[in-house]
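Structure first, commentary second.
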There are 2 protein chains.
Amino acid sequence: MPNNPFKMRIGLDVMGGDYAPQETIAGAILAQKELSENDRIVLFGDEVVVAEELRSQGSQPELFDIIHAPDIIGMGEQPTKAFSQKPDSGISLGFKYLKKGEIDSFASAGNTGAMLVGSMYSVHAVPGVIRPATTAIIPKEDGRVGILIDVGTNPDTKPDVLYQFGVIGSIYAQNVFDISNPKVGLLNIGEEEEKGNLLTQSAYRLMKDSPDFNFIGNVESRDLFKDSVDVVVCDGFTGNILLKNMETMYRLIAKRGFANDPFFTRFNYENYGGTPILGINATVLVGHGISNGKAIKNMLLLSKNVHQAGIAEKIRVALEQVISSDNV
Amino acid sequence: MPNNPFKMRIGLDVMGGDYAPQETIAGAILAQKELSENDRIVLFGDEVVVAEELRSQGSQPELFDIIHAPDIIGMGEQPTKAFSQKPDSGISLGFKYLKKGEIDSFASAGNTGAMLVGSMYSVHAVPGVIRPATTAIIPKEDGRVGILIDVGTNPDTKPDVLYQFGVIGSIYAQNVFDISNPKVGLLNIGEEEEKGNLLTQSAYRLMKDSPDFNFIGNVESRDLFKDSVDVVVCDGFTGNILLKNMETMYRLIAKRGFANDPFFTRFNYENYGGTPILGINATVLVGHGISNGKAIKNMLLLSKNVHQAGIAEKIRVALEQVISSDNV
């Protein structure tokens, strides 16, 4: 695709997710209507299936670019093996195009592990980043949102990695959610410096006089929805447990008829669509396996915001400063 | 107190909790009415304050035993220091009476750390127990309850400690909540054996062929409310984060007017009142700092159930079997 006439080319793995390709195509159609004429969605999937699904949902294949990817990486497949052994899958081809610069972002609601492997093997981590991270959006009682980082990418995390999550999370909050000078809290089981496990105690010592982000100290899980903290930093094990519990509480709230409550409705992941993998040299997003059309649409729109904010480059610059200032 | 005429003597730290002594006394009065005539509540606190508060709430000091404890261990005090330097506090005196057998159980909604210190220093851990644990009660969608263990006592936990939590949690679930052959799950971020952090991966290997409890494998935080698991085992850091998040979600649900929902109302900690410190040679319970009268009442009633179930002795016998069978 030389002489790319489009402002942005937004890649999507059509076969990723429990309800693919119906819901991924539905989301692509919705996003296409909301995006600028200069933007172009690039669909990775079996070209016959994709074209048929587009037509059956009342859209036209001509509105999209379709890259033929006949193979599929399943949700349960071992990520590294699948990524290397299935070069014609949507995920593998997506990263190939991303690396060559033929798409500007790539998103999938499929195998998250394969998306991580693709990120690390093809576009690589930003220099200085120890571990990339994923995030969740936390609705605040006052109507704003906050960020939880990490939510599962790093089940075992070291204190310096948590420190970097403070840097990375701040950049994401500031540039994608317009939160100026984000307040960064360390998720812990007490407010005092000496509280917590060995990991959080060490991380606190690294963070407490940080010139690299606005550290406000320890926060507890009961503080998540308050406006006193914008970016909550934790290891990926704890973050994943917390995220899935919130999702489940929301599911139960919805099941019992309270989903239309103006606060609780904001717990619906469909509104946010996914999370970027932060700390890599490209814009890559992963979505919930159960994503429906609305979630896919929002993941594609978020792709654009993350890309335009230049998150990867901002993280690179910020971590260069951290390293040169000897604070970690 | 020789020739104890009472079936059970239930100790309470009157000055423990944010709303002491009004709410602790209110709870004691409520419990006194529900307990058998043979049971006797023993109140540890300033005798003048206790007697006045009992009278002002329409009860009579004669219905209780009052042990004069003029000193108070505050919520923010360093536990070990406070416990040793304030021998006339309710907590210190409570453990003194407990150790001498002059009370059969002791409960406080005050400084949890001081209650742990008192447990370890005065009545000691059950032989074989590596670390005592505390629990939370999880309401199930089907109307039953489950147990989460540990919820904060052990922020850093080793795999063999998690294994013991499986044993201890099963005994508690079976003997206090009448759950026969409790299904024990390891809290993790995926269902497969290889998922999780180093801690849960190792714990899984210890647990998977356990003859000491009914291990059903990994469970995710989204499974907590399902009837497929009765006892969810986790480290105290994760458990505390999870518990406080559920409490906060419940608080928000209540704030938004849905607290009377028959499922969500069961998230109200007041219904359960507290948790025993499991794995020590006595019946000791700790309650929520914000406990009101209802919560204190239920903590006192739970004290009786835990004591009558003979949990400490059952844990001792069970761990002897574990050690002799060389499974850990």
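All residue names refer to the structure tokens as shown: chains lettered A, B, ... in order, residues numbered from 1 in each chain, ligands numbered from 1 in order.
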List as a tab-separated table every residue of chain B that is in contact with chain A, defined as an atom at most 7 Å from one of its atoms (using only C-alpha atoms), together with the nearest atom pair and the distance in Å rounded to one decimal, sorted by chain and then rising number.
```
residue	atom	partner	partner_atom	distance
B:Pro155	CA	A:Asn197	CA	4.9
B:Asp156	CA	A:Asn197	CA	5.4
B:Ile189	CA	A:Asn240	CA	6.4
B:Gly196	CA	A:Pro155	CA	6.1
B:Asn197	CA	A:Pro155	CA	4.9
B:Leu198	CA	A:Asp156	CA	6.9
B:Ser221	CA	A:Asn245	CA	5.2
B:Arg222	CA	A:Thr248	CA	5.4
B:Phe237	CA	A:Ile189	CA	6.6
B:Thr238	CA	A:Thr238	CA	5.9
B:Asn240	CA	A:Ile189	CA	6.4
B:Ile241	CA	A:Ser221	CA	5.5
B:Leu242	CA	A:Leu242	CA	6.2
B:Lys244	CA	A:Arg222	CA	5.6
B:Asn245	CA	A:Ser221	CA	5.2
B:Thr248	CA	A:Arg222	CA	5.4
```
Write a file of the selected residues as a short mmCIF file (atom, residue, chain, number, x, y, z; two decimals), in the first residue's frame, keeping all heavy atoms.
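Listed below is the output, again-v9.cif:
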```cif
data_model
loop_
_atom_site.label_atom_id
_atom_site.label_comp_id
_atom_site.auth_asym_id
_atom_site.auth_seq_id
_atom_site.Cartn_x
_atom_site.Cartn_y
_atom_site.Cartn_z
N PRO B 155 -0.04 -10.82 54.21
CA PRO B 155 0.15 -10.15 52.92
C PRO B 155 1.19 -10.86 52.04
O PRO B 155 1.09 -10.81 50.82
CB PRO B 155 0.65 -8.76 53.30
CG PRO B 155 0.38 -8.60 54.75
CD PRO B 155 0.34 -9.96 55.34
N ASP B 156 2.16 -11.52 52.66
CA ASP B 156 3.11 -12.34 51.90
C ASP B 156 2.90 -13.79 52.31
O ASP B 156 3.04 -14.13 53.48
CB ASP B 156 4.55 -11.90 52.19
CG ASP B 156 4.88 -10.58 51.51
OD1 ASP B 156 4.93 -10.56 50.26
OD2 ASP B 156 5.06 -9.58 52.22
N ILE B 189 -5.88 -16.22 38.11
CA ILE B 189 -6.29 -15.36 37.01
C ILE B 189 -6.55 -16.16 35.74
O ILE B 189 -6.56 -15.62 34.64
CB ILE B 189 -5.26 -14.23 36.76
CG1 ILE B 189 -3.89 -14.80 36.39
CG2 ILE B 189 -5.13 -13.37 38.00
CD1 ILE B 189 -2.89 -13.73 35.94
N GLY B 196 -1.33 -18.01 36.30
CA GLY B 196 -1.13 -17.33 37.58
C GLY B 196 0.26 -16.80 37.81
O GLY B 196 1.07 -16.67 36.89
N ASN B 197 0.55 -16.48 39.06
CA ASN B 197 1.88 -16.04 39.43
C ASN B 197 2.65 -17.23 40.03
O ASN B 197 2.12 -18.34 40.14
CB ASN B 197 1.81 -14.84 40.39
CG ASN B 197 0.96 -15.10 41.62
OD1 ASN B 197 0.66 -16.25 41.92
ND2 ASN B 197 0.58 -14.05 42.31
N LEU B 198 3.89 -17.01 40.39
CA LEU B 198 4.72 -18.12 40.89
C LEU B 198 4.08 -18.76 42.12
O LEU B 198 4.12 -19.98 42.28
CB LEU B 198 6.12 -17.60 41.23
CG LEU B 198 6.93 -17.07 40.04
CD1 LEU B 198 8.23 -16.43 40.52
CD2 LEU B 198 7.22 -18.19 39.04
N SER B 221 -11.94 -14.60 40.10
CA SER B 221 -12.76 -13.78 40.99
C SER B 221 -14.20 -13.69 40.48
O SER B 221 -15.10 -13.38 41.23
CB SER B 221 -12.15 -12.39 41.19
OG SER B 221 -11.86 -11.77 39.97
N ARG B 222 -14.41 -14.00 39.21
CA ARG B 222 -15.77 -13.99 38.69
C ARG B 222 -16.57 -15.22 39.16
O ARG B 222 -17.79 -15.25 39.02
CB ARG B 222 -15.78 -13.92 37.16
CG ARG B 222 -15.09 -15.06 36.45
CD ARG B 222 -15.42 -15.05 34.96
NE ARG B 222 -14.87 -13.88 34.31
CZ ARG B 222 -13.86 -13.89 33.44
NH1 ARG B 222 -13.29 -15.04 33.12
NH2 ARG B 222 -13.43 -12.79 32.89
N PHE B 237 -2.96 -10.45 50.84
CA PHE B 237 -2.95 -9.18 50.10
C PHE B 237 -4.11 -9.16 49.12
O PHE B 237 -4.95 -8.27 49.13
CB PHE B 237 -1.61 -9.01 49.36
CG PHE B 237 -1.46 -7.68 48.67
CD1 PHE B 237 -0.94 -6.59 49.35
CD2 PHE B 237 -1.85 -7.51 47.34
CE1 PHE B 237 -0.82 -5.35 48.73
CE2 PHE B 237 -1.73 -6.29 46.72
CZ PHE B 237 -1.20 -5.20 47.41
N THR B 238 -4.16 -10.21 48.28
CA THR B 238 -5.22 -10.29 47.27
C THR B 238 -6.60 -10.34 47.93
O THR B 238 -7.54 -9.67 47.50
CB THR B 238 -5.01 -11.54 46.39
OG1 THR B 238 -3.68 -11.52 45.88
CG2 THR B 238 -5.99 -11.57 45.24
N ASN B 240 -7.56 -9.22 50.81
CA ASN B 240 -7.95 -7.95 51.41
C ASN B 240 -8.41 -6.95 50.35
O ASN B 240 -9.42 -6.25 50.52
CB ASN B 240 -6.76 -7.38 52.20
CG ASN B 240 -7.16 -6.20 53.06
OD1 ASN B 240 -7.10 -5.06 52.61
ND2 ASN B 240 -7.59 -6.45 54.29
N ILE B 241 -7.69 -6.93 49.23
CA ILE B 241 -8.06 -6.04 48.11
C ILE B 241 -9.46 -6.41 47.60
O ILE B 241 -10.32 -5.56 47.38
CB ILE B 241 -7.04 -6.18 46.95
CG1 ILE B 241 -5.63 -5.73 47.39
CG2 ILE B 241 -7.52 -5.47 45.69
CD1 ILE B 241 -5.38 -4.27 47.41
N LEU B 242 -9.68 -7.71 47.46
CA LEU B 242 -10.95 -8.22 46.95
C LEU B 242 -12.08 -7.91 47.93
O LEU B 242 -13.15 -7.42 47.54
CB LEU B 242 -10.80 -9.73 46.74
CG LEU B 242 -11.83 -10.50 45.98
CD1 LEU B 242 -12.14 -9.87 44.64
CD2 LEU B 242 -11.34 -11.94 45.78
N LYS B 244 -12.29 -5.60 50.30
CA LYS B 244 -12.62 -4.17 50.40
C LYS B 244 -13.32 -3.67 49.15
O LYS B 244 -14.14 -2.75 49.20
CB LYS B 244 -11.34 -3.35 50.67
CG LYS B 244 -10.87 -3.47 52.11
CD LYS B 244 -9.59 -2.71 52.34
CE LYS B 244 -9.09 -2.90 53.77
NZ LYS B 244 -7.63 -2.68 53.88
N ASN B 245 -12.98 -4.27 48.00
CA ASN B 245 -13.68 -3.87 46.79
C ASN B 245 -15.14 -4.30 46.82
O ASN B 245 -16.03 -3.54 46.44
CB ASN B 245 -12.98 -4.45 45.56
CG ASN B 245 -13.58 -3.91 44.27
OD1 ASN B 245 -13.59 -2.72 44.03
ND2 ASN B 245 -14.12 -4.80 43.45
N THR B 248 -17.01 -2.06 49.08
CA THR B 248 -17.23 -0.74 48.48
C THR B 248 -18.33 -0.80 47.43
O THR B 248 -19.17 0.10 47.34
CB THR B 248 -15.92 -0.21 47.87
OG1 THR B 248 -14.95 -0.19 48.89
CG2 THR B 248 -16.10 1.18 47.31
#
```
Those in segment 143-276 of chain A with strand (DSSP E or B) from DSSP, as a list of chain:residue names: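 Written out, the strand (DSSP E or B) residues of segment 143-276 of chain A are A:Val145, A:Gly146, A:Ile147, A:Leu148, A:Ile149, A:Lys183, A:Val184, A:Gly185, A:Leu186, A:Leu187, A:Asn214, A:Phe215, A:Ile216, A:Gly217, A:Asn218, A:Val219, A:Val231, A:Val232, A:Val233, A:Thr275, A:Pro276.
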Filtered DSSP result for segment 109-229 of chain B, state helix (DSSP H, G or I), as a ChimeraX atom specification: /B:112-123,159-176,198-207,221-223
Within 8 Å of Leu93 of chain B using only C-alpha atoms, minus same-chain residues under 5 positions, as a ChimeraX atom specification: /B:44,69,87-88
Given the selection you just returned, output its residues as a file containing C-alpha atoms, formatted as a PDB file, in the first residue's frame.
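Generated file (result.pdb):
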```pdb
ATOM      1  CA  PHE B  44     -13.758  -5.592  79.020  1.00  0.00           C
ATOM      2  CA  ALA B  69      -9.979  -2.263  81.661  1.00  0.00           C
ATOM      3  CA  PRO B  87      -1.675  -4.360  80.086  1.00  0.00           C
ATOM      4  CA  ASP B  88      -4.834  -2.680  81.360  1.00  0.00           C
TER       5      ASP B  88
END
```
Tell me which protein, DNA and RNA residues are within 7 Å of Gly274 of chain B, counting only C-alpha atoms, leaving out same-chain ones fewer than 5 positions away, and put them as a PDB file with all heavy atoms, in the first residue's frame.
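Okay, result-v7.pdb is ready:
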```
ATOM      1  N   LEU B 285     -12.233 -13.560  67.804  1.00  0.00           N
ATOM      2  CA  LEU B 285     -12.856 -12.975  66.619  1.00  0.00           C
ATOM      3  C   LEU B 285     -12.506 -11.507  66.477  1.00  0.00           C
ATOM      4  O   LEU B 285     -12.390 -10.793  67.476  1.00  0.00           O
ATOM      5  CB  LEU B 285     -14.385 -13.117  66.679  1.00  0.00           C
ATOM      6  CG  LEU B 285     -14.903 -14.492  66.231  1.00  0.00           C
ATOM      7  CD1 LEU B 285     -14.918 -15.441  67.406  1.00  0.00           C
ATOM      8  CD2 LEU B 285     -16.260 -14.390  65.565  1.00  0.00           C
ATOM      9  N   VAL B 286     -12.358 -11.080  65.239  1.00  0.00           N
ATOM     10  CA  VAL B 286     -12.147  -9.661  64.972  1.00  0.00           C
ATOM     11  C   VAL B 286     -13.287  -9.158  64.090  1.00  0.00           C
ATOM     12  O   VAL B 286     -13.774  -9.878  63.218  1.00  0.00           O
ATOM     13  CB  VAL B 286     -10.782  -9.381  64.297  1.00  0.00           C
ATOM     14  CG1 VAL B 286      -9.646  -9.618  65.289  1.00  0.00           C
ATOM     15  CG2 VAL B 286     -10.567 -10.237  63.060  1.00  0.00           C
ATOM     16  N   GLY B 287     -13.697  -7.916  64.364  1.00  0.00           N
ATOM     17  CA  GLY B 287     -14.799  -7.335  63.609  1.00  0.00           C
ATOM     18  C   GLY B 287     -14.337  -6.125  62.825  1.00  0.00           C
ATOM     19  O   GLY B 287     -13.222  -5.629  62.998  1.00  0.00           O
ATOM     20  N   HIS B 288     -15.203  -5.650  61.972  1.00  0.00           N
ATOM     21  CA  HIS B 288     -14.963  -4.460  61.162  1.00  0.00           C
ATOM     22  C   HIS B 288     -14.867  -3.240  62.080  1.00  0.00           C
ATOM     23  O   HIS B 288     -15.647  -3.107  63.010  1.00  0.00           O
ATOM     24  CB  HIS B 288     -16.156  -4.300  60.222  1.00  0.00           C
ATOM     25  CG  HIS B 288     -15.816  -3.663  58.931  1.00  0.00           C
ATOM     26  ND1 HIS B 288     -15.244  -2.416  58.849  1.00  0.00           N
ATOM     27  CD2 HIS B 288     -15.978  -4.088  57.659  1.00  0.00           C
ATOM     28  CE1 HIS B 288     -15.072  -2.114  57.568  1.00  0.00           C
ATOM     29  NE2 HIS B 288     -15.501  -3.105  56.829  1.00  0.00           N
ATOM     30  N   MET B 299     -21.209 -10.816  65.784  1.00  0.00           N
ATOM     31  CA  MET B 299     -19.862 -11.295  66.114  1.00  0.00           C
ATOM     32  C   MET B 299     -19.906 -12.132  67.395  1.00  0.00           C
ATOM     33  O   MET B 299     -19.249 -13.173  67.494  1.00  0.00           O
ATOM     34  CB  MET B 299     -18.891 -10.119  66.250  1.00  0.00           C
ATOM     35  CG  MET B 299     -17.470 -10.526  66.622  1.00  0.00           C
ATOM     36  SD  MET B 299     -16.230  -9.245  66.289  1.00  0.00           S
ATOM     37  CE  MET B 299     -16.731  -7.967  67.428  1.00  0.00           C
TER      38      MET B 299
END
```
Contacts of segment 136-138 of chain B at 6 Å (only C-alpha atoms; same-chain gap of 2+ positions) as a list in words: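 Skipping anything fewer than 2 positions along the chain leaves Val145, Gly146, Ile147 and Leu148 of chain B.
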Write a file of the just-selected residues containing C-alpha atoms, as a PDB file, in the first residue's frame.
```pdb
ATOM      1  CA  VAL B 145     -22.519 -18.729  51.594  1.00  0.00           C
ATOM      2  CA  GLY B 146     -18.882 -19.390  50.830  1.00  0.00           C
ATOM      3  CA  ILE B 147     -15.614 -18.569  52.584  1.00  0.00           C
ATOM      4  CA  LEU B 148     -12.699 -16.444  51.367  1.00  0.00           C
TER       5      LEU B 148
END
```
